[in-house]
>>> print(open('upload06.pdb').read())   # PDB, C-alpha atoms
ATOM      1  CA  MET A  13     -22.013  68.202  20.203
ATOM      2  CA  THR A  14     -20.525  64.955  18.891
ATOM      3  CA  THR A  15     -17.284  64.690  17.000
ATOM      4  CA  PRO A  16     -16.902  62.859  13.678
ATOM      5  CA  ALA A  17     -15.023  60.133  15.553
ATOM      6  CA  ALA A  18     -17.913  59.570  17.972
ATOM      7  CA  ARG A  19     -18.570  55.912  18.596
ATOM      8  CA  PHE A  20     -21.863  54.102  18.711
ATOM      9  CA  PRO A  21     -21.295  51.254  21.167
ATOM     10  CA  CYS A  22     -25.043  50.588  21.142
ATOM     11  CA  LEU A  23     -24.686  49.305  17.565
ATOM     12  CA  ASP A  24     -21.913  46.831  18.442
ATOM     13  CA  GLY A  25     -24.513  44.425  19.801
ATOM     14  CA  TYR A  26     -26.488  44.542  16.570
ATOM     15  CA  ARG A  27     -23.359  43.906  14.528
ATOM     16  CA  ALA A  28     -22.505  40.977  16.806
ATOM     17  CA  LEU A  29     -26.009  39.550  16.348
ATOM     18  CA  ALA A  30     -25.755  39.973  12.583
ATOM     19  CA  ALA A  31     -22.340  38.273  12.492
ATOM     20  CA  THR A  32     -23.661  35.441  14.673
ATOM     21  CA  ALA A  33     -26.644  35.008  12.357
ATOM     22  CA  VAL A  34     -24.286  34.667   9.389
ATOM     23  CA  LEU A  35     -22.134  32.172  11.300
ATOM     24  CA  VAL A  36     -25.151  30.050  12.283
ATOM     25  CA  PHE A  37     -26.458  30.227   8.704
ATOM     26  CA  HIS A  38     -23.162  28.898   7.340
ATOM     27  CA  VAL A  39     -22.881  26.188   9.982
ATOM     28  CA  ASN A  40     -26.428  25.105   9.170
ATOM     29  CA  ALA A  41     -25.668  25.095   5.443
ATOM     30  CA  ALA A  42     -22.476  23.083   5.947
ATOM     31  CA  THR A  43     -23.956  20.529   8.320
ATOM     32  CA  GLY A  44     -27.533  20.322   7.092
ATOM     33  CA  TYR A  45     -28.700  20.424  10.708
ATOM     34  CA  GLY A  46     -31.901  22.326   9.993
ATOM     35  CA  ASP A  47     -32.886  20.403   6.866
ATOM     36  CA  HIS A  48     -35.222  18.032   8.673
ATOM     37  CA  ARG A  49     -36.141  20.044  11.733
ATOM     38  CA  ALA A  50     -38.880  22.514  12.550
ATOM     39  CA  VAL A  51     -36.336  25.358  12.917
ATOM     40  CA  GLY A  52     -34.923  24.786   9.447
ATOM     41  CA  TRP A  53     -36.949  27.580   7.893
ATOM     42  CA  VAL A  54     -35.553  30.032  10.462
ATOM     43  CA  LEU A  55     -31.972  28.848  10.056
ATOM     44  CA  ALA A  56     -32.242  29.131   6.278
ATOM     45  CA  ARG A  57     -33.132  32.822   6.551
ATOM     46  CA  LEU A  58     -30.340  33.905   8.852
ATOM     47  CA  ASP A  59     -28.432  35.114   5.813
ATOM     48  CA  VAL A  60     -30.265  38.399   6.422
ATOM     49  CA  GLY A  61     -27.442  39.011   8.895
ATOM     50  CA  VAL A  62     -25.194  39.888   5.936
ATOM     51  CA  SER A  63     -27.469  42.766   4.932
ATOM     52  CA  ILE A  64     -27.806  44.001   8.502
ATOM     53  CA  PHE A  65     -24.048  43.816   9.042
ATOM     54  CA  PHE A  66     -23.298  45.710   5.816
ATOM     55  CA  VAL A  67     -25.863  48.456   6.517
ATOM     56  CA  LEU A  68     -24.513  49.026  10.027
ATOM     57  CA  SER A  69     -20.904  48.919   8.829
ATOM     58  CA  ALA A  70     -21.628  51.371   6.004
ATOM     59  CA  PHE A  71     -23.250  53.785   8.451
ATOM     60  CA  LEU A  72     -20.432  53.527  10.974
ATOM     61  CA  LEU A  73     -17.662  53.835   8.379
ATOM     62  CA  SER A  74     -19.208  56.677   6.373
ATOM     63  CA  ARG A  75     -20.457  58.782   9.282
ATOM     64  CA  PRO A  76     -17.148  60.528  10.104
ATOM     65  CA  PHE A  77     -16.777  61.570   6.462
ATOM     66  CA  VAL A  78     -20.362  62.840   6.216
ATOM     67  CA  VAL A  79     -20.102  64.790   9.483
ATOM     68  CA  ALA A  80     -16.808  66.351   8.418
ATOM     69  CA  HIS A  81     -18.275  67.325   5.050
ATOM     70  CA  LEU A  82     -21.397  68.858   6.598
ATOM     71  CA  ARG A  83     -19.290  70.853   9.059
ATOM     72  CA  GLY A  84     -16.872  71.970   6.374
ATOM     73  CA  ASP A  85     -13.983  70.242   8.127
ATOM     74  CA  PRO A  86     -11.296  68.225   6.352
ATOM     75  CA  ALA A  87     -12.104  64.557   5.877
ATOM     76  CA  PRO A  88     -10.697  62.072   8.413
ATOM     77  CA  ARG A  89      -7.325  60.568   7.585
ATOM     78  CA  VAL A  90      -7.835  57.202   5.929
ATOM     79  CA  GLY A  91      -4.285  56.037   6.626
ATOM     80  CA  GLN A  92      -4.818  56.121  10.378
ATOM     81  CA  TYR A  93      -8.060  54.168  10.004
ATOM     82  CA  LEU A  94      -6.401  51.508   7.835
ATOM     83  CA  THR A  95      -3.485  51.164  10.244
ATOM     84  CA  ARG A  96      -5.800  50.722  13.254
ATOM     85  CA  ARG A  97      -7.909  48.252  11.293
ATOM     86  CA  ALA A  98      -4.883  46.202  10.214
ATOM     87  CA  VAL A  99      -3.494  46.075  13.756
ATOM     88  CA  ARG A 100      -6.901  44.945  14.992
ATOM     89  CA  ILE A 101      -7.765  42.364  12.320
ATOM     90  CA  PHE A 102      -4.556  40.791  10.997
ATOM     91  CA  PRO A 103      -3.444  39.003  14.183
ATOM     92  CA  ALA A 104      -6.827  37.275  14.520
ATOM     93  CA  TYR A 105      -6.867  36.554  10.786
ATOM     94  CA  TRP A 106      -3.450  34.879  10.842
ATOM     95  CA  LEU A 107      -4.357  32.924  13.975
ATOM     96  CA  ALA A 108      -7.579  31.681  12.361
ATOM     97  CA  LEU A 109      -5.729  30.835   9.146
ATOM     98  CA  ALA A 110      -3.064  28.874  11.017
ATOM     99  CA  GLY A 111      -5.744  27.054  13.000
ATOM    100  CA  ALA A 112      -7.614  26.164   9.806
ATOM    101  CA  VAL A 113      -4.444  24.832   8.186
ATOM    102  CA  VAL A 114      -3.656  22.663  11.218
ATOM    103  CA  LEU A 115      -7.237  21.425  11.488
ATOM    104  CA  LEU A 116      -7.551  20.646   7.780
ATOM    105  CA  ASP A 117      -4.182  18.917   7.788
ATOM    106  CA  ARG A 118      -5.304  16.660  10.649
ATOM    107  CA  LEU A 119      -8.610  15.917   8.948
ATOM    108  CA  GLU A 120      -6.867  14.907   5.711
ATOM    109  CA  LEU A 121      -4.657  12.449   7.584
ATOM    110  CA  ARG A 122      -7.725  10.593   8.866
ATOM    111  CA  ASP A 123      -9.293  10.094   5.433
TER
END
>>> encode(input="upload06.pdb", output="structure tokens")
Amino acid sequence: MTTPAARFPCLDGYRALAATAVLVFHVNAATGYGDHRAVGWVLARLDVGVSIFFVLSAFLLSRPFVVAHLRGDPAPRVGQYLTRRAVRIFPAYWLALAGAVVLLDRLELRD
């Protein structure tokens, strides 16, 4: 029997592929790399990664609540989830933001 907090590590790969597809789509859109190449039609459709990522995320985030409801158990504590999420995401977010500020500042000095 699985618990509401059961993980699905097999879906992490799909989420990584979806996130990579979105990244490649945006890089292609920003650089125009695929505009004049045979792979352009593939690169232009990688935005499907957004839909895949959202469907997987919705399943993974809602599953503990659905399982708890079906079992008649109390719902998982949202505060603990938000705290874990913040501890996991904010350091990388601030690092990426600082890197973007430094990079953009250097690029503006060259123009």
>>> residues_around(input="upload06.pdb", residues="Leu72 in chain A", least_positions_apart="2", cutoff="10 Å", atoms="only C-alpha atoms", output="ChimeraX atom specification")
/A:17-20,23,66-70,74-77
>>> resolve_selection(input="upload06.pdb", expression="the PyMOL selection byres ((chain A and resi 33) around 10)", output="list in words")
Arg27, Ala28, Leu29, Ala30, Ala31, Thr32, Val34, Leu35, Val36, Phe37, His38, Val39, Leu55, Arg57, Leu58, Asp59, Val60, Gly61, Val62, Ile64 and Phe65 of chain A
>>> atom_distance(input="upload06.pdb", atom1="CA of Val113 in chain A", atom2="CA of Asn40 in chain A")
22.0 Å
>>> residues_around(input="upload06.pdb", residues="Ala87 in chain A", least_positions_apart="5", cutoff="10 Å", atoms="all atoms listed in the file", output="JSON, numbers by chain")
{"A": [16, 76, 77, 78, 79, 80, 81]}
>>> atom_distance(input="upload06.pdb", atom1="CA of Phe71 in chain A", atom2="CA of Trp53 in chain A")
29.6 Å
>>> atom_distance(input="upload06.pdb", atom1="CA of Pro103 in chain A", atom2="CA of Leu116 in chain A")
19.9 Å
